[in-house]
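Shown next, in structure tokens, is the structure this report addresses.
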Amino acid sequence: MTAPEAIPPRRSRLTLMAGLAVVELLTVIVTYQVMASIECRNTEVEFACRALRSMTARALAVITVLALYFWLRPRTYQALRDTAGATSGASVWLTVHALGVLLIFLPIPLFGTEEISQRFLPTLLIMSSGGALAALGGLLWITPARHWWHWLRSDGYFLPAAILGAVLVPDLADLIRPLWDVSNLSSLTFFLVFLVLLALGFDVAVDPPTYIIGYDDFFVQIASQCSGVEGIALITIFMGLYALLMKDDLRMRRYWLGLYPLAVLCSWLFNILRIAILIIIGAEVSPEHALNGFHSYAGWLMFTAVALTVVAAAHRWSWLHRSPRPKGARPRLAEESLAALIVPFIVMMLTSVIASAFWPTPSDAYPFRAVAMVCVLLYFRPVLMRLLRRPEAIAVLAGLVVGALWLVTAPVSPSDMTQPSAMWIAFRLLGTIALVPVIEELFFRGYLQNRLLRGGLIWTVLALLLPNLFFGLLHERYVAGMLAGLVFGVLALRSRGLTNAIAAHGAANALIAIYAMITANWALI
């Protein structure tokens, strides 16, 4: 038997729930964009559907604001960690959180991926209830309500105001949209989009009075909805938060009169590029994908990236600060054990969101996703070398059994995929056999399961069950995915490490991949 591996020590409940929140949000996006794309125009209440879809953008803004806030105020974050460590909430709230998350995903097995748009009202009720329970359970599991209240008061209620601003970003965009119309920027945006498409060699057709532009059979109207004010609102919120947190050191006149106009200009130019890409996707690939995939998430991803880049540049730009920027050595993220367990999984999920936004058939983007996964694992190589050892033969055997049972119980249905290219097959095999098992085991067994092991039978059972409820959600066959995860969890628990779980997961996937190659049923992987 191999020696037990050194899994990083358990962190606070705050750290655990923060990582869970990010992963759960990405999983929700992937599930309802890839597995069951909800078409708002086909629902009973289109307004409520679009409001629900906006919650994704609001949640992304809130998470970004929290990350920015704690980055710039580490003492406040440490105070919350100390509070959560000293006065943890009742364990029942973790169950409430898990039930809330399961409710969010319940419409998928309840109504089916094809019928979910026609059953939107009950879907909305179930998902809203689940979101409320998940948020309440997560917060109260970290620490009781009275301690949250005391911590918020200690910082002068500044953080709640910042979170409220993040939640209201779409509404702020609606408020400033009239300014866009007054300034005639719609005309300039229309003209610049036309120039971009023309420079790319497309035969563009336009109707200037109505701001309609496109080519072939796909046309869009560049009105206030396409103004890019969401990006300007995001930049305003993030730069305003940074200015308040750094007010004692920041040269405000240079910041607002120098950097802010440049940031707005950059966001506006990105929006022009976004509209041009939207038209190209609609004309060359799929109108439905352009409007329901790319248009839904790509804009918010791009605008958030631009806003964070601006804030990061402001933090490093000495011209904007009264005191010199520190240049001392910083701890490398690549050597952080906790980051090595979480970040690869976030990258895997985030690339899935990007694939659903930019590719009409997300599976076609797998080479891009595989390259991203390879890069993030290589980045955390120092930690992985400390974690992994030689696996036991019983782990490989258990994985082969799991793979065989997966194939035996698979529903008999012909694959509707066309014969993929050799490059796609190579990347898919690499990801299925080598990359995904490592990344998923790092997160589900190394992070979630290990953080829930607190001694005693009840915590051991919870540590095996709760992560695998989420693990099952990543697979179309929920029960089979959950049972496979339980096997991997037992192997990790038995050896007090991750190598056996990774080896079993890899062996199971390898057997399935070999069968998929022999039968040309690529849908299996």
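Order determines the names: the first chain of the structure tokens is A, the second B, and so forth; residues in each chain are numbered 1 upward, and ligands are numbered 1 upward as they are shown.
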Find the residues near Ser129 in chain A: any atom within 10 Å, counting only C-alpha atoms, skip ones fewer than 6 places away on the same chain, and give them as a ChimeraX atom specification. /A:100-101,103-104,123
Extract, using only C-alpha atoms, all DNA, RNA and protein residues at most 10 Å from range 418-435 of chain A, discarding same-chain residues fewer than 5 positions from it, and format them as a PDB file with all heavy atoms, in the first residue's frame.
```
ATOM      1  N   PRO A 344      -8.460  24.981 -11.364  1.00  0.00           N
ATOM      2  CA  PRO A 344      -8.625  24.184 -12.589  1.00  0.00           C
ATOM      3  C   PRO A 344     -10.083  23.857 -12.904  1.00  0.00           C
ATOM      4  O   PRO A 344     -10.494  23.884 -14.071  1.00  0.00           O
ATOM      5  CB  PRO A 344      -7.812  22.917 -12.300  1.00  0.00           C
ATOM      6  CG  PRO A 344      -6.768  23.365 -11.338  1.00  0.00           C
ATOM      7  CD  PRO A 344      -7.459  24.367 -10.453  1.00  0.00           C
ATOM      8  N   MET A 348     -12.260  24.921 -16.176  1.00  0.00           N
ATOM      9  CA  MET A 348     -12.988  23.946 -16.986  1.00  0.00           C
ATOM     10  C   MET A 348     -14.434  24.379 -17.193  1.00  0.00           C
ATOM     11  O   MET A 348     -14.971  24.309 -18.312  1.00  0.00           O
ATOM     12  CB  MET A 348     -12.945  22.566 -16.320  1.00  0.00           C
ATOM     13  CG  MET A 348     -13.562  21.457 -17.170  1.00  0.00           C
ATOM     14  SD  MET A 348     -13.487  19.826 -16.397  1.00  0.00           S
ATOM     15  CE  MET A 348     -14.814  19.971 -15.187  1.00  0.00           C
ATOM     16  N   SER A 363     -19.603  21.279 -28.330  1.00  0.00           N
ATOM     17  CA  SER A 363     -18.621  20.193 -28.353  1.00  0.00           C
ATOM     18  C   SER A 363     -17.508  20.460 -29.358  1.00  0.00           C
ATOM     19  O   SER A 363     -16.398  19.937 -29.212  1.00  0.00           O
ATOM     20  CB  SER A 363     -19.303  18.862 -28.670  1.00  0.00           C
ATOM     21  OG  SER A 363     -19.915  18.914 -29.954  1.00  0.00           O
ATOM     22  N   ASP A 364     -17.779  21.288 -30.386  1.00  0.00           N
ATOM     23  CA  ASP A 364     -16.744  21.610 -31.366  1.00  0.00           C
ATOM     24  C   ASP A 364     -15.599  22.401 -30.745  1.00  0.00           C
ATOM     25  O   ASP A 364     -14.500  22.454 -31.310  1.00  0.00           O
ATOM     26  CB  ASP A 364     -17.340  22.413 -32.526  1.00  0.00           C
ATOM     27  CG  ASP A 364     -18.295  21.583 -33.375  1.00  0.00           C
ATOM     28  OD1 ASP A 364     -18.250  20.342 -33.256  1.00  0.00           O
ATOM     29  OD2 ASP A 364     -19.080  22.172 -34.135  1.00  0.00           O
ATOM     30  N   ALA A 365     -15.856  23.021 -29.608  1.00  0.00           N
ATOM     31  CA  ALA A 365     -14.835  23.852 -28.955  1.00  0.00           C
ATOM     32  C   ALA A 365     -13.933  23.041 -28.039  1.00  0.00           C
ATOM     33  O   ALA A 365     -13.118  23.632 -27.311  1.00  0.00           O
ATOM     34  CB  ALA A 365     -15.507  24.968 -28.152  1.00  0.00           C
ATOM     35  N   TYR A 366     -14.045  21.715 -28.064  1.00  0.00           N
ATOM     36  CA  TYR A 366     -13.281  20.929 -27.094  1.00  0.00           C
ATOM     37  C   TYR A 366     -11.762  21.099 -27.217  1.00  0.00           C
ATOM     38  O   TYR A 366     -11.077  21.116 -26.199  1.00  0.00           O
ATOM     39  CB  TYR A 366     -13.653  19.448 -27.172  1.00  0.00           C
ATOM     40  CG  TYR A 366     -13.351  18.744 -25.878  1.00  0.00           C
ATOM     41  CD1 TYR A 366     -14.271  18.747 -24.832  1.00  0.00           C
ATOM     42  CD2 TYR A 366     -12.123  18.122 -25.661  1.00  0.00           C
ATOM     43  CE1 TYR A 366     -13.984  18.134 -23.626  1.00  0.00           C
ATOM     44  CE2 TYR A 366     -11.839  17.513 -24.454  1.00  0.00           C
ATOM     45  CZ  TYR A 366     -12.759  17.523 -23.444  1.00  0.00           C
ATOM     46  OH  TYR A 366     -12.465  16.942 -22.245  1.00  0.00           O
ATOM     47  N   PRO A 367     -11.183  21.217 -28.425  1.00  0.00           N
ATOM     48  CA  PRO A 367      -9.737  21.473 -28.477  1.00  0.00           C
ATOM     49  C   PRO A 367      -9.330  22.726 -27.700  1.00  0.00           C
ATOM     50  O   PRO A 367      -8.325  22.728 -26.984  1.00  0.00           O
ATOM     51  CB  PRO A 367      -9.471  21.617 -29.980  1.00  0.00           C
ATOM     52  CG  PRO A 367     -10.508  20.759 -30.622  1.00  0.00           C
ATOM     53  CD  PRO A 367     -11.731  20.951 -29.774  1.00  0.00           C
ATOM     54  N   PHE A 368     -10.113  23.803 -27.841  1.00  0.00           N
ATOM     55  CA  PHE A 368      -9.843  25.018 -27.067  1.00  0.00           C
ATOM     56  C   PHE A 368      -9.929  24.740 -25.571  1.00  0.00           C
ATOM     57  O   PHE A 368      -9.072  25.171 -24.778  1.00  0.00           O
ATOM     58  CB  PHE A 368     -10.838  26.108 -27.480  1.00  0.00           C
ATOM     59  CG  PHE A 368     -11.134  27.121 -26.400  1.00  0.00           C
ATOM     60  CD1 PHE A 368     -10.192  28.081 -26.053  1.00  0.00           C
ATOM     61  CD2 PHE A 368     -12.349  27.105 -25.741  1.00  0.00           C
ATOM     62  CE1 PHE A 368     -10.460  29.003 -25.063  1.00  0.00           C
ATOM     63  CE2 PHE A 368     -12.633  28.021 -24.746  1.00  0.00           C
ATOM     64  CZ  PHE A 368     -11.680  28.972 -24.403  1.00  0.00           C
ATOM     65  N   ARG A 369     -10.939  24.021 -25.147  1.00  0.00           N
ATOM     66  CA  ARG A 369     -11.101  23.719 -23.729  1.00  0.00           C
ATOM     67  C   ARG A 369      -9.957  22.841 -23.217  1.00  0.00           C
ATOM     68  O   ARG A 369      -9.461  23.049 -22.099  1.00  0.00           O
ATOM     69  CB  ARG A 369     -12.441  23.022 -23.495  1.00  0.00           C
ATOM     70  CG  ARG A 369     -13.662  23.859 -23.852  1.00  0.00           C
ATOM     71  CD  ARG A 369     -14.939  23.167 -23.406  1.00  0.00           C
ATOM     72  NE  ARG A 369     -14.924  23.003 -21.952  1.00  0.00           N
ATOM     73  CZ  ARG A 369     -15.657  22.084 -21.317  1.00  0.00           C
ATOM     74  NH1 ARG A 369     -16.411  21.228 -21.988  1.00  0.00           N
ATOM     75  NH2 ARG A 369     -15.603  21.997 -19.999  1.00  0.00           N
ATOM     76  N   ALA A 370      -9.552  21.855 -24.021  1.00  0.00           N
ATOM     77  CA  ALA A 370      -8.461  20.971 -23.602  1.00  0.00           C
ATOM     78  C   ALA A 370      -7.158  21.743 -23.428  1.00  0.00           C
ATOM     79  O   ALA A 370      -6.415  21.520 -22.457  1.00  0.00           O
ATOM     80  CB  ALA A 370      -8.285  19.842 -24.618  1.00  0.00           C
ATOM     81  N   VAL A 371      -6.865  22.663 -24.330  1.00  0.00           N
ATOM     82  CA  VAL A 371      -5.649  23.473 -24.209  1.00  0.00           C
ATOM     83  C   VAL A 371      -5.692  24.300 -22.928  1.00  0.00           C
ATOM     84  O   VAL A 371      -4.693  24.405 -22.199  1.00  0.00           O
ATOM     85  CB  VAL A 371      -5.481  24.379 -25.443  1.00  0.00           C
ATOM     86  CG1 VAL A 371      -4.371  25.403 -25.214  1.00  0.00           C
ATOM     87  CG2 VAL A 371      -5.166  23.539 -26.675  1.00  0.00           C
ATOM     88  N   MET A 373      -7.306  23.580 -20.178  1.00  0.00           N
ATOM     89  CA  MET A 373      -7.137  22.680 -19.032  1.00  0.00           C
ATOM     90  C   MET A 373      -5.679  22.250 -18.873  1.00  0.00           C
ATOM     91  O   MET A 373      -5.164  22.167 -17.755  1.00  0.00           O
ATOM     92  CB  MET A 373      -8.056  21.466 -19.185  1.00  0.00           C
ATOM     93  CG  MET A 373      -9.526  21.776 -18.955  1.00  0.00           C
ATOM     94  SD  MET A 373     -10.588  20.294 -18.922  1.00  0.00           S
ATOM     95  CE  MET A 373     -10.799  19.989 -20.676  1.00  0.00           C
ATOM     96  N   VAL A 374      -5.011  21.966 -19.995  1.00  0.00           N
ATOM     97  CA  VAL A 374      -3.590  21.618 -19.920  1.00  0.00           C
ATOM     98  C   VAL A 374      -2.792  22.766 -19.309  1.00  0.00           C
ATOM     99  O   VAL A 374      -1.937  22.564 -18.437  1.00  0.00           O
ATOM    100  CB  VAL A 374      -3.046  21.267 -21.319  1.00  0.00           C
ATOM    101  CG1 VAL A 374      -1.524  21.199 -21.297  1.00  0.00           C
ATOM    102  CG2 VAL A 374      -3.614  19.941 -21.794  1.00  0.00           C
ATOM    103  N   LEU A 377      -3.353  23.121 -15.479  1.00  0.00           N
ATOM    104  CA  LEU A 377      -2.716  22.052 -14.719  1.00  0.00           C
ATOM    105  C   LEU A 377      -1.200  22.200 -14.709  1.00  0.00           C
ATOM    106  O   LEU A 377      -0.538  21.954 -13.692  1.00  0.00           O
ATOM    107  CB  LEU A 377      -3.118  20.686 -15.293  1.00  0.00           C
ATOM    108  CG  LEU A 377      -4.564  20.258 -15.045  1.00  0.00           C
ATOM    109  CD1 LEU A 377      -4.856  18.927 -15.727  1.00  0.00           C
ATOM    110  CD2 LEU A 377      -4.864  20.163 -13.549  1.00  0.00           C
ATOM    111  N   GLU A 440     -11.565  17.124 -11.965  1.00  0.00           N
ATOM    112  CA  GLU A 440     -12.766  16.848 -11.178  1.00  0.00           C
ATOM    113  C   GLU A 440     -12.427  16.235  -9.831  1.00  0.00           C
ATOM    114  O   GLU A 440     -13.071  16.555  -8.824  1.00  0.00           O
ATOM    115  CB  GLU A 440     -13.711  15.944 -11.967  1.00  0.00           C
ATOM    116  CG  GLU A 440     -14.341  16.648 -13.166  1.00  0.00           C
ATOM    117  CD  GLU A 440     -15.383  15.797 -13.867  1.00  0.00           C
ATOM    118  OE1 GLU A 440     -15.458  14.583 -13.550  1.00  0.00           O
ATOM    119  OE2 GLU A 440     -16.119  16.338 -14.716  1.00  0.00           O
ATOM    120  N   ILE A 502      -8.207   9.517  -8.762  1.00  0.00           N
ATOM    121  CA  ILE A 502      -7.884   9.969 -10.115  1.00  0.00           C
ATOM    122  C   ILE A 502      -7.635   8.778 -11.034  1.00  0.00           C
ATOM    123  O   ILE A 502      -8.100   8.746 -12.187  1.00  0.00           O
ATOM    124  CB  ILE A 502      -6.658  10.905 -10.080  1.00  0.00           C
ATOM    125  CG1 ILE A 502      -7.004  12.210  -9.371  1.00  0.00           C
ATOM    126  CG2 ILE A 502      -6.150  11.184 -11.493  1.00  0.00           C
ATOM    127  CD1 ILE A 502      -5.813  13.116  -9.135  1.00  0.00           C
ATOM    128  N   ALA A 503      -6.903   7.770 -10.529  1.00  0.00           N
ATOM    129  CA  ALA A 503      -6.619   6.593 -11.346  1.00  0.00           C
ATOM    130  C   ALA A 503      -7.901   5.847 -11.702  1.00  0.00           C
ATOM    131  O   ALA A 503      -8.077   5.404 -12.851  1.00  0.00           O
ATOM    132  CB  ALA A 503      -5.656   5.669 -10.598  1.00  0.00           C
ATOM    133  N   HIS A 505     -10.982   7.091 -11.812  1.00  0.00           N
ATOM    134  CA  HIS A 505     -11.744   7.949 -12.724  1.00  0.00           C
ATOM    135  C   HIS A 505     -11.164   7.876 -14.142  1.00  0.00           C
ATOM    136  O   HIS A 505     -11.896   7.746 -15.124  1.00  0.00           O
ATOM    137  CB  HIS A 505     -11.707   9.389 -12.195  1.00  0.00           C
ATOM    138  CG  HIS A 505     -12.744  10.278 -12.792  1.00  0.00           C
ATOM    139  ND1 HIS A 505     -13.199  11.422 -12.167  1.00  0.00           N
ATOM    140  CD2 HIS A 505     -13.433  10.220 -13.970  1.00  0.00           C
ATOM    141  CE1 HIS A 505     -14.107  12.006 -12.925  1.00  0.00           C
ATOM    142  NE2 HIS A 505     -14.261  11.300 -14.029  1.00  0.00           N
ATOM    143  N   GLY A 506      -9.843   7.933 -14.235  1.00  0.00           N
ATOM    144  CA  GLY A 506      -9.193   7.850 -15.534  1.00  0.00           C
ATOM    145  C   GLY A 506      -9.406   6.508 -16.201  1.00  0.00           C
ATOM    146  O   GLY A 506      -9.616   6.429 -17.420  1.00  0.00           O
ATOM    147  N   ALA A 507      -9.336   5.432 -15.416  1.00  0.00           N
ATOM    148  CA  ALA A 507      -9.543   4.095 -15.977  1.00  0.00           C
ATOM    149  C   ALA A 507     -10.968   3.929 -16.492  1.00  0.00           C
ATOM    150  O   ALA A 507     -11.199   3.357 -17.573  1.00  0.00           O
ATOM    151  CB  ALA A 507      -9.227   3.035 -14.924  1.00  0.00           C
ATOM    152  N   ALA A 508     -11.939   4.419 -15.719  1.00  0.00           N
ATOM    153  CA  ALA A 508     -13.338   4.334 -16.157  1.00  0.00           C
ATOM    154  C   ALA A 508     -13.538   5.100 -17.460  1.00  0.00           C
ATOM    155  O   ALA A 508     -14.151   4.601 -18.418  1.00  0.00           O
ATOM    156  CB  ALA A 508     -14.254   4.880 -15.064  1.00  0.00           C
ATOM    157  N   ASN A 509     -13.014   6.311 -17.505  1.00  0.00           N
ATOM    158  CA  ASN A 509     -13.163   7.121 -18.720  1.00  0.00           C
ATOM    159  C   ASN A 509     -12.425   6.512 -19.910  1.00  0.00           C
ATOM    160  O   ASN A 509     -12.877   6.600 -21.058  1.00  0.00           O
ATOM    161  CB  ASN A 509     -12.659   8.544 -18.473  1.00  0.00           C
ATOM    162  CG  ASN A 509     -13.627   9.359 -17.636  1.00  0.00           C
ATOM    163  OD1 ASN A 509     -14.598   8.828 -17.104  1.00  0.00           O
ATOM    164  ND2 ASN A 509     -13.371  10.646 -17.510  1.00  0.00           N
ATOM    165  N   ALA A 510     -11.273   5.896 -19.641  1.00  0.00           N
ATOM    166  CA  ALA A 510     -10.512   5.280 -20.730  1.00  0.00           C
ATOM    167  C   ALA A 510     -11.288   4.124 -21.361  1.00  0.00           C
ATOM    168  O   ALA A 510     -11.332   3.983 -22.596  1.00  0.00           O
ATOM    169  CB  ALA A 510      -9.162   4.790 -20.211  1.00  0.00           C
ATOM    170  N   LEU A 511     -11.908   3.295 -20.528  1.00  0.00           N
ATOM    171  CA  LEU A 511     -12.695   2.179 -21.044  1.00  0.00           C
ATOM    172  C   LEU A 511     -13.868   2.689 -21.888  1.00  0.00           C
ATOM    173  O   LEU A 511     -14.141   2.164 -22.979  1.00  0.00           O
ATOM    174  CB  LEU A 511     -13.200   1.316 -19.891  1.00  0.00           C
ATOM    175  CG  LEU A 511     -13.997   0.061 -20.281  1.00  0.00           C
ATOM    176  CD1 LEU A 511     -13.134  -0.885 -21.105  1.00  0.00           C
ATOM    177  CD2 LEU A 511     -14.536  -0.633 -19.030  1.00  0.00           C
ATOM    178  N   ILE A 512     -14.544   3.719 -21.388  1.00  0.00           N
ATOM    179  CA  ILE A 512     -15.675   4.300 -22.126  1.00  0.00           C
ATOM    180  C   ILE A 512     -15.192   4.907 -23.447  1.00  0.00           C
ATOM    181  O   ILE A 512     -15.834   4.761 -24.491  1.00  0.00           O
ATOM    182  CB  ILE A 512     -16.390   5.355 -21.257  1.00  0.00           C
ATOM    183  CG1 ILE A 512     -16.979   4.694 -20.008  1.00  0.00           C
ATOM    184  CG2 ILE A 512     -17.481   6.062 -22.056  1.00  0.00           C
ATOM    185  CD1 ILE A 512     -17.483   5.675 -18.969  1.00  0.00           C
ATOM    186  N   ALA A 513     -14.035   5.584 -23.404  1.00  0.00           N
ATOM    187  CA  ALA A 513     -13.499   6.217 -24.615  1.00  0.00           C
ATOM    188  C   ALA A 513     -13.108   5.174 -25.657  1.00  0.00           C
ATOM    189  O   ALA A 513     -13.349   5.367 -26.858  1.00  0.00           O
ATOM    190  CB  ALA A 513     -12.293   7.088 -24.252  1.00  0.00           C
ATOM    191  N   ILE A 514     -12.521   4.063 -25.226  1.00  0.00           N
ATOM    192  CA  ILE A 514     -12.146   3.000 -26.162  1.00  0.00           C
ATOM    193  C   ILE A 514     -13.392   2.417 -26.826  1.00  0.00           C
ATOM    194  O   ILE A 514     -13.422   2.190 -28.045  1.00  0.00           O
ATOM    195  CB  ILE A 514     -11.356   1.903 -25.428  1.00  0.00           C
ATOM    196  CG1 ILE A 514      -9.984   2.448 -24.986  1.00  0.00           C
ATOM    197  CG2 ILE A 514     -11.178   0.673 -26.316  1.00  0.00           C
ATOM    198  CD1 ILE A 514      -9.213   1.502 -24.087  1.00  0.00           C
ATOM    199  N   MET A 517     -14.660   4.796 -29.419  1.00  0.00           N
ATOM    200  CA  MET A 517     -13.872   4.755 -30.650  1.00  0.00           C
ATOM    201  C   MET A 517     -14.242   3.545 -31.494  1.00  0.00           C
ATOM    202  O   MET A 517     -14.382   3.637 -32.721  1.00  0.00           O
ATOM    203  CB  MET A 517     -12.374   4.709 -30.313  1.00  0.00           C
ATOM    204  CG  MET A 517     -11.803   5.998 -29.775  1.00  0.00           C
ATOM    205  SD  MET A 517     -10.026   5.872 -29.533  1.00  0.00           S
ATOM    206  CE  MET A 517      -9.469   5.641 -31.219  1.00  0.00           C
ATOM    207  N   ALA A 520     -17.774   4.169 -32.755  1.00  0.00           N
ATOM    208  CA  ALA A 520     -17.980   5.512 -33.343  1.00  0.00           C
ATOM    209  C   ALA A 520     -19.157   6.232 -32.708  1.00  0.00           C
ATOM    210  O   ALA A 520     -19.768   7.118 -33.322  1.00  0.00           O
ATOM    211  CB  ALA A 520     -18.163   5.418 -34.855  1.00  0.00           C
ATOM    212  N   ASN A 521     -19.471   5.871 -31.471  1.00  0.00           N
ATOM    213  CA  ASN A 521     -20.555   6.547 -30.726  1.00  0.00           C
ATOM    214  C   ASN A 521     -19.923   7.610 -29.837  1.00  0.00           C
ATOM    215  O   ASN A 521     -19.750   7.432 -28.634  1.00  0.00           O
ATOM    216  CB  ASN A 521     -21.328   5.523 -29.903  1.00  0.00           C
ATOM    217  CG  ASN A 521     -22.568   6.137 -29.256  1.00  0.00           C
ATOM    218  OD1 ASN A 521     -22.852   7.323 -29.425  1.00  0.00           O
ATOM    219  ND2 ASN A 521     -23.302   5.326 -28.527  1.00  0.00           N
ATOM    220  N   TRP A 522     -19.567   8.749 -30.440  1.00  0.00           N
ATOM    221  CA  TRP A 522     -18.827   9.787 -29.719  1.00  0.00           C
ATOM    222  C   TRP A 522     -19.667  10.484 -28.662  1.00  0.00           C
ATOM    223  O   TRP A 522     -19.123  11.184 -27.799  1.00  0.00           O
ATOM    224  CB  TRP A 522     -18.272  10.801 -30.715  1.00  0.00           C
ATOM    225  CG  TRP A 522     -17.375  10.161 -31.726  1.00  0.00           C
ATOM    226  CD1 TRP A 522     -17.630   9.936 -33.039  1.00  0.00           C
ATOM    227  CD2 TRP A 522     -16.068   9.632 -31.485  1.00  0.00           C
ATOM    228  NE1 TRP A 522     -16.576   9.301 -33.645  1.00  0.00           N
ATOM    229  CE2 TRP A 522     -15.598   9.101 -32.702  1.00  0.00           C
ATOM    230  CE3 TRP A 522     -15.246   9.550 -30.344  1.00  0.00           C
ATOM    231  CZ2 TRP A 522     -14.350   8.508 -32.839  1.00  0.00           C
ATOM    232  CZ3 TRP A 522     -14.002   8.946 -30.463  1.00  0.00           C
ATOM    233  CH2 TRP A 522     -13.574   8.443 -31.697  1.00  0.00           C
ATOM    234  N   ILE A 525     -18.749  10.111 -24.880  1.00  0.00           N
ATOM    235  CA  ILE A 525     -17.736  10.895 -24.179  1.00  0.00           C
ATOM    236  C   ILE A 525     -17.938  12.391 -24.437  1.00  0.00           C
ATOM    237  O   ILE A 525     -17.127  13.190 -24.074  1.00  0.00           O
ATOM    238  CB  ILE A 525     -16.325  10.480 -24.592  1.00  0.00           C
ATOM    239  CG1 ILE A 525     -16.125  10.634 -26.103  1.00  0.00           C
ATOM    240  CG2 ILE A 525     -16.045   9.068 -24.148  1.00  0.00           C
ATOM    241  CD1 ILE A 525     -14.693  10.400 -26.537  1.00  0.00           C
TER     242      ILE A 525
END
```
Find the nearest atom pair between each residue of range 384-456 of chain A and range 15-28 of chain A for residues within 12 Å, count only C-alpha atoms, give distances in Å to one decimal, sort rows by chain and ascending number, and present the table as a tab-separated table.
```
residue	atom	partner	partner_atom	distance
A:Glu440	CA	A:Val23	CA	11.6
A:Phe443	CA	A:Gly19	CA	9.6
A:Phe444	CA	A:Leu20	CA	10.3
A:Gly446	CA	A:Leu16	CA	11.7
A:Tyr447	CA	A:Leu16	CA	8.0
A:Leu448	CA	A:Leu16	CA	7.5
A:Gln449	CA	A:Leu16	CA	10.5
A:Asn450	CA	A:Leu16	CA	10.4
A:Arg451	CA	A:Leu16	CA	7.2
A:Leu452	CA	A:Leu16	CA	9.1
```
N, CA and C atoms of the current selection, written as an mmCIF file, in the first residue's frame:
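The result, written out as out-v2.cif:
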```
data_model
loop_
_atom_site.group_PDB
_atom_site.id
_atom_site.type_symbol
_atom_site.label_atom_id
_atom_site.label_comp_id
_atom_site.auth_asym_id
_atom_site.auth_seq_id
_atom_site.Cartn_x
_atom_site.Cartn_y
_atom_site.Cartn_z
ATOM 1 N N GLU A 440 -11.565 17.124 -11.965
ATOM 2 C CA GLU A 440 -12.766 16.848 -11.178
ATOM 3 C C GLU A 440 -12.427 16.235 -9.831
ATOM 4 N N PHE A 443 -11.205 18.863 -7.360
ATOM 5 C CA PHE A 443 -12.264 19.689 -6.774
ATOM 6 C C PHE A 443 -13.222 18.885 -5.897
ATOM 7 N N PHE A 444 -13.793 17.810 -6.438
ATOM 8 C CA PHE A 444 -14.846 17.101 -5.709
ATOM 9 C C PHE A 444 -14.308 16.310 -4.523
ATOM 10 N N GLY A 446 -10.688 16.333 -3.505
ATOM 11 C CA GLY A 446 -9.647 17.061 -2.794
ATOM 12 C C GLY A 446 -10.153 18.278 -2.074
ATOM 13 N N TYR A 447 -11.139 18.980 -2.667
ATOM 14 C CA TYR A 447 -11.647 20.204 -2.045
ATOM 15 C C TYR A 447 -12.917 19.948 -1.249
ATOM 16 N N LEU A 448 -14.009 19.561 -1.928
ATOM 17 C CA LEU A 448 -15.290 19.436 -1.239
ATOM 18 C C LEU A 448 -15.284 18.324 -0.191
ATOM 19 N N GLN A 449 -14.926 17.114 -0.607
ATOM 20 C CA GLN A 449 -15.001 15.994 0.326
ATOM 21 C C GLN A 449 -14.066 16.191 1.506
ATOM 22 N N ASN A 450 -12.847 16.619 1.248
ATOM 23 C CA ASN A 450 -11.884 16.781 2.330
ATOM 24 C C ASN A 450 -12.309 17.873 3.309
ATOM 25 N N ARG A 451 -12.978 18.936 2.808
ATOM 26 C CA ARG A 451 -13.404 20.024 3.683
ATOM 27 C C ARG A 451 -14.598 19.647 4.542
ATOM 28 N N LEU A 452 -15.341 18.628 4.113
ATOM 29 C CA LEU A 452 -16.495 18.195 4.900
ATOM 30 C C LEU A 452 -16.145 17.104 5.907
#
```
Can you pull out every residue within 12 Å of Val479 in chain A, counting only C-alpha atoms, but drop anything in the same chain fewer than 2 positions away, and send it as a PyMOL selection string? chain A and resi 109+406+409-410+465+468-477+481-486
With C-alpha atoms retained, export the selected residues as an mmCIF file, in the first residue's frame.
```cif
data_model
loop_
_atom_site.group_PDB
_atom_site.id
_atom_site.type_symbol
_atom_site.label_atom_id
_atom_site.label_comp_id
_atom_site.auth_asym_id
_atom_site.auth_seq_id
_atom_site.Cartn_x
_atom_site.Cartn_y
_atom_site.Cartn_z
ATOM 1 C CA PRO A 109 -35.132 15.864 -14.626
ATOM 2 C CA TRP A 406 -21.582 2.757 -17.172
ATOM 3 C CA THR A 409 -26.462 0.641 -18.283
ATOM 4 C CA ALA A 410 -26.171 3.257 -21.052
ATOM 5 C CA LEU A 465 -22.944 12.256 -0.416
ATOM 6 C CA ASN A 468 -21.451 13.567 -5.402
ATOM 7 C CA LEU A 469 -24.883 15.139 -5.664
ATOM 8 C CA PHE A 470 -23.130 17.980 -7.494
ATOM 9 C CA PHE A 471 -20.894 15.539 -9.350
ATOM 10 C CA GLY A 472 -23.947 13.724 -10.690
ATOM 11 C CA LEU A 473 -25.358 17.004 -12.002
ATOM 12 C CA LEU A 474 -22.404 17.308 -14.369
ATOM 13 C CA HIS A 475 -23.537 14.158 -16.149
ATOM 14 C CA GLU A 476 -26.696 13.630 -18.168
ATOM 15 C CA ARG A 477 -27.224 10.371 -16.277
ATOM 16 C CA GLY A 481 -22.761 9.855 -12.221
ATOM 17 C CA MET A 482 -23.478 10.107 -8.505
ATOM 18 C CA LEU A 483 -22.786 6.394 -7.924
ATOM 19 C CA ALA A 484 -19.511 6.607 -9.854
ATOM 20 C CA GLY A 485 -18.533 9.594 -7.727
ATOM 21 C CA LEU A 486 -19.253 7.601 -4.578
#
```
Residues at most 10 Å from range 249-253 of chain A, counting only C-alpha atoms, excluding those fewer than 4 positions away in the same chain, as a list in words?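 Everything that qualifies: Tyr242, Ala243, Leu244, Leu245, Leu257, Gly258, Leu259, Ala314, His315, Ser318, Trp319, Leu320, His321, Arg322, Ser323 and Pro324 of chain A.
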